[in-house]
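Participant: This is the content of input.txt (compact mmCIF, C-alpha atoms and all ligand atoms):
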# COMPACT_ATOMS: atom_id res chain seq x y z
CA MET A 1 50.45 0.76 -1.29
CA GLU A 2 50.92 -0.02 2.42
CA GLN A 3 51.45 -3.76 1.83
CA SER A 4 54.09 -3.28 -0.80
CA TRP A 5 56.42 -1.04 1.20
CA ALA A 6 55.63 -2.15 4.76
CA ALA A 7 57.02 -5.58 3.99
CA LEU A 8 60.40 -3.96 3.33
CA VAL A 9 60.65 -2.55 6.86
CA PRO A 10 62.83 -4.63 9.19
CA ILE A 11 61.40 -4.81 12.70
CA LEU A 12 63.97 -3.82 15.30
CA GLY A 13 63.48 -4.18 19.04
CA ASP A 14 65.18 -4.48 22.41
CA GLY A 15 62.29 -5.64 24.58
CA VAL A 16 61.27 -2.07 25.50
CA VAL A 17 60.99 -0.30 22.17
CA ARG A 18 59.79 -1.78 18.91
CA LEU A 19 60.63 -0.08 15.61
CA ARG A 20 58.19 -1.08 12.90
CA ALA A 21 56.49 0.14 9.71
CA HIS A 22 54.10 3.05 10.17
CA THR A 23 50.40 2.27 9.81
CA GLU A 24 47.32 4.39 9.13
CA ALA A 25 46.58 4.17 12.85
CA ASP A 26 49.75 6.20 13.61
CA LEU A 27 48.48 9.28 11.75
CA THR A 28 46.69 10.71 14.80
CA GLY A 29 49.77 10.32 17.01
CA LEU A 30 52.01 11.70 14.28
CA THR A 31 49.78 14.77 13.97
CA SER A 32 49.63 15.51 17.70
CA MET A 33 53.41 14.96 18.02
CA CYS A 34 54.12 17.45 15.24
CA GLN A 35 51.77 20.02 16.83
CA ASP A 36 53.99 20.14 19.93
CA PRO A 37 55.94 23.41 20.36
CA GLU A 38 59.25 21.51 20.79
CA MET A 39 58.80 20.14 17.28
CA ALA A 40 58.31 23.65 15.94
CA ARG A 41 61.37 24.86 17.85
CA TRP A 42 63.82 22.14 16.86
CA THR A 43 62.62 20.61 13.59
CA THR A 44 61.36 21.78 10.22
CA VAL A 45 57.89 20.18 10.40
CA PRO A 46 55.25 22.48 8.82
CA GLN A 47 53.64 25.00 11.17
CA PRO A 48 50.77 24.95 11.86
CA TYR A 49 50.57 21.16 11.47
CA ALA A 50 47.33 19.66 10.17
CA PRO A 51 46.23 16.01 9.82
CA SER A 52 46.73 16.47 6.06
CA ASP A 53 50.44 17.12 6.71
CA ALA A 54 50.74 13.74 8.44
CA ARG A 55 48.87 12.11 5.55
CA TYR A 56 51.28 13.72 3.05
CA TYR A 57 54.29 12.61 5.11
CA PHE A 58 52.95 9.04 5.26
CA ASP A 59 52.15 8.79 1.52
CA GLU A 60 54.86 10.95 -0.02
CA VAL A 61 57.87 10.56 2.30
CA ILE A 62 57.69 7.38 4.38
CA ALA A 63 56.37 4.99 1.73
CA PRO A 64 58.50 6.17 -1.23
CA GLY A 65 61.56 6.30 1.06
CA TRP A 66 61.37 2.53 1.52
CA LEU A 67 60.39 1.83 -2.09
CA HIS A 68 63.29 3.88 -3.47
CA ASN A 69 65.66 2.83 -0.69
CA ASN A 70 66.70 6.40 0.08
CA GLN A 71 64.94 7.00 3.41
CA TRP A 72 64.29 4.38 6.05
CA SER A 73 61.58 5.50 8.49
CA TRP A 74 60.33 3.58 11.49
CA ALA A 75 57.47 4.17 13.89
CA LEU A 76 58.65 3.90 17.48
CA GLU A 77 56.26 1.80 19.55
CA ALA A 78 56.45 1.29 23.30
CA GLU A 79 54.17 0.27 26.13
CA LEU A 80 52.54 3.38 27.59
CA ASP A 81 49.83 3.07 30.25
CA GLY A 82 49.92 -0.69 29.75
CA GLU A 83 49.24 -0.53 25.98
CA PRO A 84 51.64 -0.70 23.03
CA ARG A 85 51.39 2.80 21.52
CA PHE A 86 52.89 5.00 18.84
CA ALA A 87 55.63 6.90 20.67
CA GLY A 88 57.63 8.61 17.91
CA ASN A 89 59.51 8.50 14.65
CA ILE A 90 63.05 7.76 13.65
CA ASP A 91 64.49 7.84 10.16
CA LEU A 92 67.69 7.55 8.20
CA ARG A 93 68.18 9.59 5.03
CA LEU A 94 70.64 7.70 2.86
CA ASP A 95 73.15 9.56 0.68
CA GLY A 96 73.71 6.62 -1.67
CA LEU A 97 77.42 6.52 -0.84
CA GLY A 98 77.27 4.60 2.42
CA GLY A 99 76.34 7.53 4.64
CA ALA A 100 73.03 8.41 6.27
CA GLU A 101 71.68 11.20 8.42
CA VAL A 102 69.42 10.36 11.32
CA GLY A 103 66.31 12.28 12.35
CA PHE A 104 64.04 11.51 15.31
CA ALA A 105 61.21 12.77 17.47
CA THR A 106 59.45 11.35 20.51
CA HIS A 107 55.75 11.98 21.13
CA PRO A 108 55.39 14.46 24.06
CA ASP A 109 53.54 11.78 26.09
CA ALA A 110 56.56 9.47 25.86
CA ARG A 111 59.53 11.80 26.46
CA GLY A 112 62.12 11.45 29.17
CA LEU A 113 61.74 7.65 29.37
CA GLY A 114 64.92 6.83 27.48
CA LEU A 115 62.92 5.53 24.50
CA MET A 116 64.71 7.52 21.80
CA THR A 117 68.12 6.57 23.20
CA ARG A 118 67.11 2.93 22.76
CA ALA A 119 65.66 3.60 19.29
CA LEU A 120 68.76 5.39 18.03
CA ARG A 121 70.99 2.61 19.34
CA LEU A 122 68.93 0.04 17.42
CA VAL A 123 68.87 2.10 14.23
CA ALA A 124 72.60 2.88 14.34
CA ASP A 125 73.44 -0.78 14.95
CA HIS A 126 71.15 -1.84 12.12
CA ALA A 127 72.56 0.75 9.68
CA LEU A 128 76.18 -0.07 10.42
CA THR A 129 75.64 -3.81 10.20
CA GLN A 130 73.77 -3.33 6.88
CA GLY A 131 76.93 -1.95 5.32
CA LEU A 132 76.52 1.80 5.86
CA THR A 133 79.85 3.29 6.93
CA VAL A 134 78.69 6.41 8.74
CA VAL A 135 75.58 7.72 10.49
CA ARG A 136 75.48 11.49 10.96
CA TRP A 137 73.50 13.49 13.48
CA ARG A 138 72.82 17.23 13.25
CA ALA A 139 70.77 19.39 15.59
CA LEU A 140 70.21 23.08 16.16
CA VAL A 141 72.49 24.47 18.87
CA GLY A 142 70.72 24.21 22.22
CA ASN A 143 68.84 20.95 21.59
CA TRP A 144 70.43 19.27 24.60
CA GLY A 145 67.89 16.44 24.76
CA SER A 146 68.82 15.37 21.24
CA ARG A 147 72.55 15.79 21.88
CA LYS A 148 72.38 13.64 25.01
CA ILE A 149 70.80 10.84 22.98
CA ALA A 150 73.49 10.99 20.28
CA MET A 151 76.34 11.04 22.79
CA ARG A 152 74.86 8.19 24.82
CA CYS A 153 74.75 6.11 21.64
CA GLY A 154 78.46 6.69 21.09
CA PHE A 155 78.29 9.41 18.41
CA HIS A 156 81.48 11.48 18.25
CA PHE A 157 80.85 15.16 18.65
CA GLU A 158 82.46 17.04 15.76
CA GLY A 159 81.61 20.61 16.71
CA THR A 160 79.40 23.55 15.87
CA LEU A 161 78.93 24.86 12.36
CA ARG A 162 77.67 28.39 12.08
CA ARG A 163 74.54 29.04 10.03
CA LEU A 164 74.30 25.39 8.91
CA LEU A 165 70.62 24.48 9.10
CA PRO A 166 67.60 26.26 7.64
CA GLN A 167 64.96 26.86 10.28
CA ARG A 168 61.73 28.81 9.79
CA GLY A 169 63.15 31.02 7.06
CA GLU A 170 66.66 31.58 8.38
CA LEU A 171 69.93 29.69 8.83
CA GLN A 172 70.84 28.69 12.37
CA ASP A 173 74.01 27.34 14.02
CA ALA A 174 74.03 23.57 14.38
CA TRP A 175 75.91 20.78 16.12
CA VAL A 176 77.28 17.85 14.17
CA ALA A 177 78.24 14.37 15.36
CA SER A 178 78.91 11.09 13.62
CA LEU A 179 79.27 7.39 14.22
CA LEU A 180 81.50 5.30 11.98
CA ALA A 181 81.18 1.55 11.54
CA SER A 182 84.68 1.24 13.02
CA ASP A 183 83.88 3.31 16.16
CA ASP A 184 83.62 1.82 19.61
CA ARG A 185 79.88 1.87 20.35
CA THR A 186 80.14 1.32 24.09
CA PRO A 187 77.43 3.55 25.63
CA ARG A 188 78.88 6.66 27.24
CA ASP A 189 76.87 8.25 29.98
CA TRP A 190 76.26 11.93 30.29
CA PRO A 191 77.91 13.53 33.33
CA LYS A 192 75.32 13.99 36.06
CA GLN A 193 75.11 17.34 37.82
CA VAL A 194 74.82 16.84 41.56
CA THR A 195 72.77 19.33 43.55
CA LEU A 196 74.62 20.59 46.62
CA ALA A 197 73.31 22.39 49.68
CA GLY A 198 74.61 24.29 52.69
CA THR A 199 73.91 27.10 55.13
CA THR A 200 75.59 30.50 55.49
CA SER A 201 76.98 31.60 58.86
CA GLY A 202 73.82 33.72 59.19
CA GLY A 203 71.61 30.61 58.85
CA GLU A 204 70.49 31.15 55.25
CA ALA A 205 70.04 27.93 53.26
CA ILE A 206 71.55 27.91 49.77
CA VAL A 207 71.57 25.34 47.03
CA LEU A 208 73.99 24.77 44.15
CA ARG A 209 71.94 23.43 41.26
CA GLU A 210 71.86 23.27 37.48
CA PHE A 211 71.07 26.53 35.68
CA THR A 212 67.90 26.69 33.58
CA LEU A 213 66.63 29.18 31.03
CA ARG A 214 64.35 30.59 33.74
CA ASP A 215 67.48 32.03 35.40
CA ALA A 216 68.29 34.19 32.36
CA PRO A 217 66.68 37.44 33.66
CA ARG A 218 68.70 37.22 36.91
CA ILE A 219 71.89 36.65 34.90
CA VAL A 220 71.11 39.73 32.81
CA GLU A 221 70.58 41.83 35.96
CA ALA A 222 73.83 40.59 37.51
CA ALA A 223 75.80 41.18 34.32
CA ASN A 224 74.52 44.77 34.08
CA ASP A 225 75.56 45.56 37.65
CA PRO A 226 78.52 47.99 37.54
CA THR A 227 80.59 46.02 40.09
CA THR A 228 80.23 42.76 38.12
CA ALA A 229 81.07 44.56 34.89
CA HIS A 230 84.11 46.21 36.51
CA PHE A 231 85.80 42.90 37.37
CA LEU A 232 84.50 40.44 34.75
CA PRO A 233 85.06 40.72 30.98
CA LEU A 234 81.44 40.62 29.78
CA PRO A 235 79.87 41.42 26.40
CA ARG A 236 78.28 44.87 26.11
CA PRO A 237 75.35 45.34 25.88
CA TYR A 238 74.29 42.26 27.89
CA GLY A 239 70.73 41.06 27.30
CA ALA A 240 68.67 37.87 27.08
CA ALA A 241 70.63 36.57 24.07
CA GLU A 242 73.93 36.93 25.97
CA ALA A 243 72.47 35.14 29.01
CA GLU A 244 71.27 32.29 26.78
CA GLU A 245 74.74 32.14 25.25
CA TYR A 246 76.23 31.97 28.76
CA LEU A 247 73.95 29.05 29.64
CA ASN A 248 74.71 27.23 26.39
CA LEU A 249 78.43 27.68 26.99
CA ALA A 250 78.06 26.37 30.54
CA ALA A 251 76.24 23.28 29.25
CA GLU A 252 78.82 22.89 26.48
CA LYS A 253 81.71 22.94 28.97
CA TRP A 254 79.86 20.48 31.17
CA ALA A 255 79.24 18.13 28.21
CA ALA A 256 82.89 18.40 27.13
CA GLY A 257 84.02 17.66 30.68
CA THR A 258 86.12 20.83 30.93
CA SER A 259 84.16 22.75 33.54
CA ALA A 260 81.17 22.40 35.85
CA VAL A 261 78.94 25.42 36.44
CA TRP A 262 76.33 25.57 39.20
CA CYS A 263 73.66 28.15 39.84
CA ILE A 264 73.85 29.42 43.42
CA SER A 265 70.20 29.55 44.38
CA THR A 266 67.73 29.91 47.21
CA PRO A 267 66.00 26.60 48.05
CA ASP A 268 62.86 27.89 46.31
CA GLY A 269 64.72 28.48 43.07
CA GLN A 270 65.73 32.16 42.92
CA ALA A 271 69.15 32.45 41.26
CA LEU A 272 71.68 34.27 43.46
CA GLY A 273 74.77 33.76 41.33
CA SER A 274 77.08 31.29 39.67
CA ILE A 275 80.01 29.15 40.76
CA GLU A 276 82.25 27.16 38.46
CA LEU A 277 84.82 24.44 38.92
CA MET A 278 87.16 24.95 36.00
CA LEU A 279 89.99 22.97 34.39
CA LEU A 280 88.30 19.63 34.96
CA ASP A 281 90.43 18.17 32.18
CA SER A 282 93.77 19.38 33.68
CA PRO A 283 96.33 16.84 34.80
CA ALA A 284 97.12 16.15 38.45
CA SER A 285 93.55 17.05 39.47
CA ARG A 286 94.35 20.76 39.62
CA ARG A 287 91.27 22.92 39.28
CA GLU A 288 90.18 26.52 39.62
CA VAL A 289 87.08 28.02 41.17
CA GLY A 290 85.33 31.15 39.88
CA TYR A 291 82.09 32.84 40.95
CA TRP A 292 79.85 35.89 40.73
CA LEU A 293 76.78 37.00 42.67
CA HIS A 294 73.66 38.98 41.80
CA PRO A 295 73.95 42.39 43.55
CA ASP A 296 70.97 41.66 45.84
CA ALA A 297 72.70 38.51 47.18
CA ARG A 298 75.91 40.21 48.29
CA GLY A 299 77.09 40.97 51.82
CA ARG A 300 75.59 37.99 53.65
CA GLY A 301 78.12 35.21 53.13
CA VAL A 302 76.48 33.53 50.13
CA ALA A 303 79.61 33.36 47.96
CA THR A 304 81.79 32.30 50.91
CA THR A 305 79.38 29.46 51.60
CA ALA A 306 79.13 28.49 47.93
CA VAL A 307 82.93 28.27 47.68
CA ARG A 308 83.00 26.14 50.84
CA ILE A 309 80.27 23.81 49.57
CA LEU A 310 81.89 23.39 46.18
CA THR A 311 85.44 22.96 47.52
CA ASP A 312 84.19 20.41 50.00
CA HIS A 313 82.31 18.53 47.27
CA ALA A 314 85.25 18.64 44.85
CA PHE A 315 87.62 17.14 47.42
CA ARG A 316 85.18 14.57 48.76
CA ALA A 317 84.02 13.44 45.33
CA GLY A 318 87.61 13.03 44.12
CA LEU A 319 87.22 15.81 41.56
CA ALA A 320 90.22 17.84 42.76
CA HIS A 321 93.50 17.70 44.63
CA SER A 322 94.33 21.38 44.52
CA ILE A 323 91.99 24.29 43.75
CA LEU A 324 93.15 27.72 42.64
CA LEU A 325 91.17 30.88 43.38
CA GLN A 326 92.19 34.16 41.76
CA ALA A 327 90.80 37.56 42.69
CA ALA A 328 91.61 41.11 41.63
CA ALA A 329 93.80 42.82 44.22
CA THR A 330 91.21 45.62 44.36
CA ASN A 331 88.29 43.25 44.89
CA GLU A 332 88.08 43.24 48.68
CA ALA A 333 84.93 41.12 48.80
CA SER A 334 86.41 38.37 46.67
CA LEU A 335 89.71 38.34 48.60
CA ALA A 336 87.72 37.91 51.81
CA ILE A 337 85.95 34.83 50.37
CA ALA A 338 89.30 33.10 49.80
CA GLN A 339 90.56 34.07 53.24
CA ARG A 340 87.39 33.04 55.11
CA ASN A 341 87.64 29.61 53.49
CA ALA A 342 91.29 29.34 54.60
CA PHE A 343 92.63 29.18 51.05
CA ARG A 344 96.42 29.54 51.25
CA SER A 345 97.82 32.76 49.77
CA LEU A 346 100.25 32.04 46.92
CA GLY A 347 101.22 35.58 46.01
CA VAL A 348 100.44 38.07 43.36
CA TRP A 349 100.39 37.86 39.58
CA PRO A 350 101.24 41.47 38.71
CA ASP A 351 99.15 43.38 36.14
CA ALA A 352 97.35 40.18 35.11
CA LEU A 353 93.81 41.57 34.95
CA VAL A 354 92.36 44.26 32.70
CA LEU A 355 89.38 46.05 34.27
CA ASP A 356 86.42 47.46 32.35
CA ASP A 357 87.97 50.97 32.41
CA GLY A 358 91.04 49.57 30.62
CA THR A 359 93.36 49.82 33.64
CA ARG A 360 95.35 46.83 34.85
CA THR A 361 95.44 45.36 38.33
CA ASP A 362 97.21 42.48 40.08
CA LEU A 363 95.60 39.11 40.57
CA VAL A 364 95.99 37.64 44.05
CA MET A 365 96.24 33.87 43.93
CA TYR A 366 95.09 31.43 46.59
CA ALA A 367 94.82 27.65 46.71
CA ALA A 368 93.13 25.01 48.80
CA THR A 369 94.58 21.51 48.81
CA LEU A 370 92.96 18.22 49.62
CA ARG A 371 95.66 17.63 52.25
CA ASP A 372 94.98 20.92 54.11
CA TRP A 373 91.22 20.56 53.78
CA CYS A 374 91.17 17.09 55.33
CA ALA A 375 93.61 18.14 58.06
CA ASP A 376 91.30 20.95 59.14
CA ALA A 377 89.16 18.89 61.50
CA GLY A 378 87.09 21.90 62.54
CA ARG A 379 85.84 22.53 59.03
CA PRO A 380 82.07 22.22 58.75
CA VAL A 381 80.91 19.51 56.37
CA SER A 382 78.35 20.40 53.76
CA PRO A 383 75.91 17.58 53.08
CA GLU A 384 75.23 16.58 49.48
CA SER A 385 71.76 15.94 48.22
C1 LIG A 401 64.82 15.30 21.79
C2 LIG A 401 63.77 14.19 21.99
C3 LIG A 401 63.77 13.33 20.74
C4 LIG A 401 64.13 13.38 23.22
O1 LIG A 401 63.33 12.21 23.25
P1 LIG A 401 63.22 11.27 24.58
O2 LIG A 401 62.55 10.01 24.17
O3 LIG A 401 62.66 12.09 25.68
O4 LIG A 401 64.76 10.97 24.82
P2 LIG A 401 65.42 10.09 25.99
O5 LIG A 401 64.46 9.95 27.12
O6 LIG A 401 65.97 8.85 25.34
O7 LIG A 401 66.68 10.98 26.42
C5 LIG A 401 66.61 12.36 26.46
C6 LIG A 401 67.54 12.89 27.53
O8 LIG A 401 67.69 14.28 27.32
C7 LIG A 401 67.19 14.97 28.47
N1 LIG A 401 66.66 16.24 28.03
C8 LIG A 401 65.52 16.47 27.37
N2 LIG A 401 65.41 17.79 27.15
C9 LIG A 401 66.51 18.37 27.69
C10 LIG A 401 66.96 19.71 27.81
N3 LIG A 401 66.26 20.72 27.29
N4 LIG A 401 68.14 19.94 28.43
C11 LIG A 401 68.87 18.94 28.94
N5 LIG A 401 68.50 17.64 28.87
C12 LIG A 401 67.32 17.38 28.25
C13 LIG A 401 66.21 14.05 29.08
O9 LIG A 401 65.95 14.38 30.42
C14 LIG A 401 66.96 12.73 28.93
O10 LIG A 401 68.08 12.69 29.79
P3 LIG A 401 68.07 11.92 31.20
O11 LIG A 401 67.87 10.48 30.83
O12 LIG A 401 69.40 12.22 31.77
O13 LIG A 401 66.91 12.48 31.98
C15 LIG A 401 62.35 14.78 22.23
O14 LIG A 401 62.42 15.73 23.27
C16 LIG A 401 61.74 15.42 21.00
O15 LIG A 401 61.05 14.77 20.26
N6 LIG A 401 61.99 16.74 20.79
C17 LIG A 401 61.46 17.45 19.65
C18 LIG A 401 62.07 16.93 18.34
C19 LIG A 401 63.58 16.97 18.36
O16 LIG A 401 64.20 17.84 18.94
N7 LIG A 401 64.17 16.03 17.61
C20 LIG A 401 65.61 15.96 17.45
C21 LIG A 401 65.99 16.85 16.34
S1 LIG A 401 67.75 16.80 16.11
Kindly transcribe the structure held in the file into structure tokens.
Ligand SMILES: CC(C)(COP(=O)(O)OP(=O)(O)OC[C@H]1O[C@@H](n2cnc3c(N)ncnc32)[C@H](O)[C@@H]1OP(=O)(O)O)[C@@H](O)C(=O)NCCC(=O)NCCS
Facilitator:
Amino acid sequence: MEQSWAALVPILGDGVVRLRAHTEADLTGLTSMCQDPEMARWTTVPQPYAPSDARYYFDEVIAPGWLHNNQWSWALEAELDGEPRFAGNIDLRLDGLGGAEVGFATHPDARGLGLMTRALRLVADHALTQGLTVVRWRALVGNWGSRKIAMRCGFHFEGTLRRLLPQRGELQDAWVASLLASDDRTPRDWPKQVTLAGTTSGGEAIVLREFTLRDAPRIVEAANDPTTAHFLPLPRPYGAAEAEEYLNLAAEKWAAGTSAVWCISTPDGQALGSIELMLLDSPASRREVGYWLHPDARGRGVATTAVRILTDHAFRAGLAHSILLQAAATNEASLAIAQRNAFRSLGVWPDALVLDDGTRTDLVMYAATLRDWCADAGRPVSPES
């Protein structure tokens, strides 16, 4: 059986990864890969996964796929610890009309090395030069590793479809992207999130870093604080699911290039709050800054310092020319943050904010400009890391 179908498999390679026909020797690696919790979370591989499942996949899916020309599966091989080793799977499921859907998985021992990005690039190039007109990618919402790979290979993000993919007995929301034969396949890099650091006037070191799921409990606590809830329109009740949604939305905005969200944190990783540079896609480099703090981080200059660090970074990195800051007229603490950072007062937008009790209040508007910021020679400079 192996001889007959393996000869149909074109070998693809770029000098780092080699895509080839699976062999019996891959069954052990296939089994341990499918036993990894990430596989259970993001794919529909059987759970628990036994060696017999890999055997079935080899005999009943991979081999017939090539023989019937409806699924092209490759083993991903790469040099690991000096040896060429099985490092994952990639396949194309053909629809018979010129379209195909891609599926892939990297062995846990080989992740984070850029191997699947290379593999998908090779497979997409192969498919589109073999006459297929479209390659589609779908992933459960939240699978950022997979989405990065698709975007880096030039796939066009089409959006989120609710309840699209079956997963462990229920339908889940999924992302969809596609690559047409006519698309520009120039690799697009994923925006990098710089970590920033600075010190409050009281000498406390703070860091602006990427949020992670580990920050969710602190987000939940902050969102359930009455002062936060008074000024920010938040879902009620606010629990772990809402915090995860907040983090997914932050990553989504980052990926779309519309907004950059940082976690304000202690150097040892405790989340103190959030700060966001919004309107990154606005013309004339005009942006807006927004922030909130966990109640136990208030009253010691953390938000003032975070606004200074971010404003400084935005101007120095060429991300902004003018930054707006809006605060409720009744939010003394937030107004003080704008004033301490010498944001220029622009005036009041009357009745522009609805508070959690349903009443309206004015928004006070401030701005910092690149010109003013650079002219202020006495301004402390926050180093980037
Ligand atoms: C998703 C998966 C295929 C990535 O494989 P890989 O070989 O590590 O991929 P690459 O190294 O080419 O690129 C992955 C990128 O995503 C990043 N990444 C991985 N997990 C991430 C996460 N949870 N959040 C954000 N980025 C993530 C990696 O750090 C890397 O980016 P970097 O180069 O900027 O560091 C692998 O994690 C896997 O097999 N997961 C389980 C199966 C799966 O999800 N398959 C896809 C189903 S649609």
Participant: With all atoms listed in the file as the atoms that count, which of A:Tyr56, A:Trp72, A:Trp42, A:Phe104 lies nearest to A:Ala87?
Facilitator: A:Phe104
Participant: Which polymer residues have any atom within 7 Å of an atom of A:Gln326, counting all atoms listed in the file, with same-chain residues fewer than 3 positions away left out, as a ChimeraX atom specification?
Facilitator: /A:363-366
Participant: How would the residues just picked look written out with C-alpha atoms as a PDB file, in the coordinates of the input?
Facilitator:
ATOM      1  CA  LEU A 363      95.600  39.110  40.570  1.00  0.00           C
ATOM      2  CA  VAL A 364      95.990  37.640  44.050  1.00  0.00           C
ATOM      3  CA  MET A 365      96.240  33.870  43.930  1.00  0.00           C
ATOM      4  CA  TYR A 366      95.090  31.430  46.590  1.00  0.00           C
TER       5      TYR A 366
END
Participant: Got a sec: who's within 12 Å of A:Gly269, counting only C-alpha atoms, leaving out chain neighbours fewer than 5 positions off, as a list in words?
Facilitator: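 Near neighbours after the sequence-gap exclusion: Ala205, Ile206, Val207, Leu208, Arg209, Glu210, Phe211, Thr212, Arg214, Asp215, Arg218, Cys263 and Ile264 of chain A.
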Participant: Calculate how many Å separate atom CA of A:Asp26 from atom P1 of ligand LIG 401 (chain A), rounding to one decimal.
Facilitator: 18.1 Å
Participant: With distances taken over all atoms listed in the file, which residue among A:Ala352, A:Leu12, A:Ala251, A:Ala75 lies nearest ligand LIG 401 (chain A)?
Facilitator: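 Between A:Ala352, A:Leu12, A:Ala251, A:Ala75, the residue approaching ligand LIG 401 (chain A) most closely is A:Ala251.
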Participant: Smallest atom-to-atom distance to ligand LIG 401 (chain A): which of A:Asp362, A:Asp296, A:Asp268, A:Glu38, using only C-alpha atoms and all ligand atoms?
Facilitator: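 Selected residue with least distance to ligand LIG 401 (chain A): A:Glu38.
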Participant: Could you give me the residues within 7 Å of ligand LIG 401 (chain A), counting only C-alpha atoms and all ligand atoms, as a list in words?
Facilitator: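 After applying the 7 Å limit, what remains is Glu38, Met39, Trp42, Thr43, Gly103, Phe104, Ala105, Thr106, His107, Pro108, Ala110, Arg111, Gly112, Leu113, Gly114, Leu115, Met116, Thr117, Arg118, Arg138, Ala139, Leu140, Asn143, Trp144, Gly145, Ser146, Lys148 and Ile149 of chain A.
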Participant: Choose the residue, out of A:Asp372, A:Glu101, A:Glu245, A:Asp53, that has the smallest atom-to-atom separation from A:Thr311; count all atoms listed in the file.
Facilitator: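 Closest to A:Thr311 of all the choices is A:Asp372.
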Participant: Between A:Gly239, A:Ala100, A:Leu171, A:Pro64, which residue has the minimum interatomic distance to A:Ala222, considering all atoms listed in the file?
Facilitator: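 Using all atoms listed in the file, A:Ala222 sits closest to A:Gly239.
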Participant: With all atoms listed in the file as the counted atoms, please give the residues lying no more than 12 Å from A:Gly15, apart from itself and same-chain residues fewer than 3 positions off, as a ChimeraX atom specification.
Facilitator: /A:11-12,18-19,77-79,84,115,118-119,122
Participant: Using all atoms listed in the file, which of A:Arg147, A:His126, A:His156, A:His230 sits nearest A:Trp190?
Facilitator: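 Ranked by minimum distance to A:Trp190, first place goes to A:Arg147.
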Participant: Work out how far apart atom CA of A:Ala6 and atom CA of A:Leu92 are and give it in Å to one decimal.
Facilitator: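 Those two atoms sit 15.9 Å apart.
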Participant: Name the residues in contact with A:Val302 at a cut-off of 9 Å, using only C-alpha atoms, excluding same-chain residues fewer than 4 positions from it; report them as a list of chain:residue names.
Facilitator: A:Thr199, A:Thr200, A:Ser201, A:Glu204, A:Ile206, A:Ile264, A:Leu272, A:Gly273, A:Leu293, A:Ala297, A:Arg298, A:Ala306, A:Val307
Participant: Would you compute the box with edges along x, y and z of the file around stretch 42-50 of chain A, including every atom the file lists for it and 3 Å extra on each side, and give its centre and edge lengths in Å to one decimal, as JSON?
Facilitator:
{"center_x": 55.6, "center_y": 22.3, "center_z": 12.8, "size_x": 22.5, "size_y": 11.3, "size_z": 14.0}
Participant: Separation of atom CA of A:Ile275 and atom CA of A:Pro191, in Å?
Facilitator: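 That distance, rounded to one decimal, is 17.4 Å.
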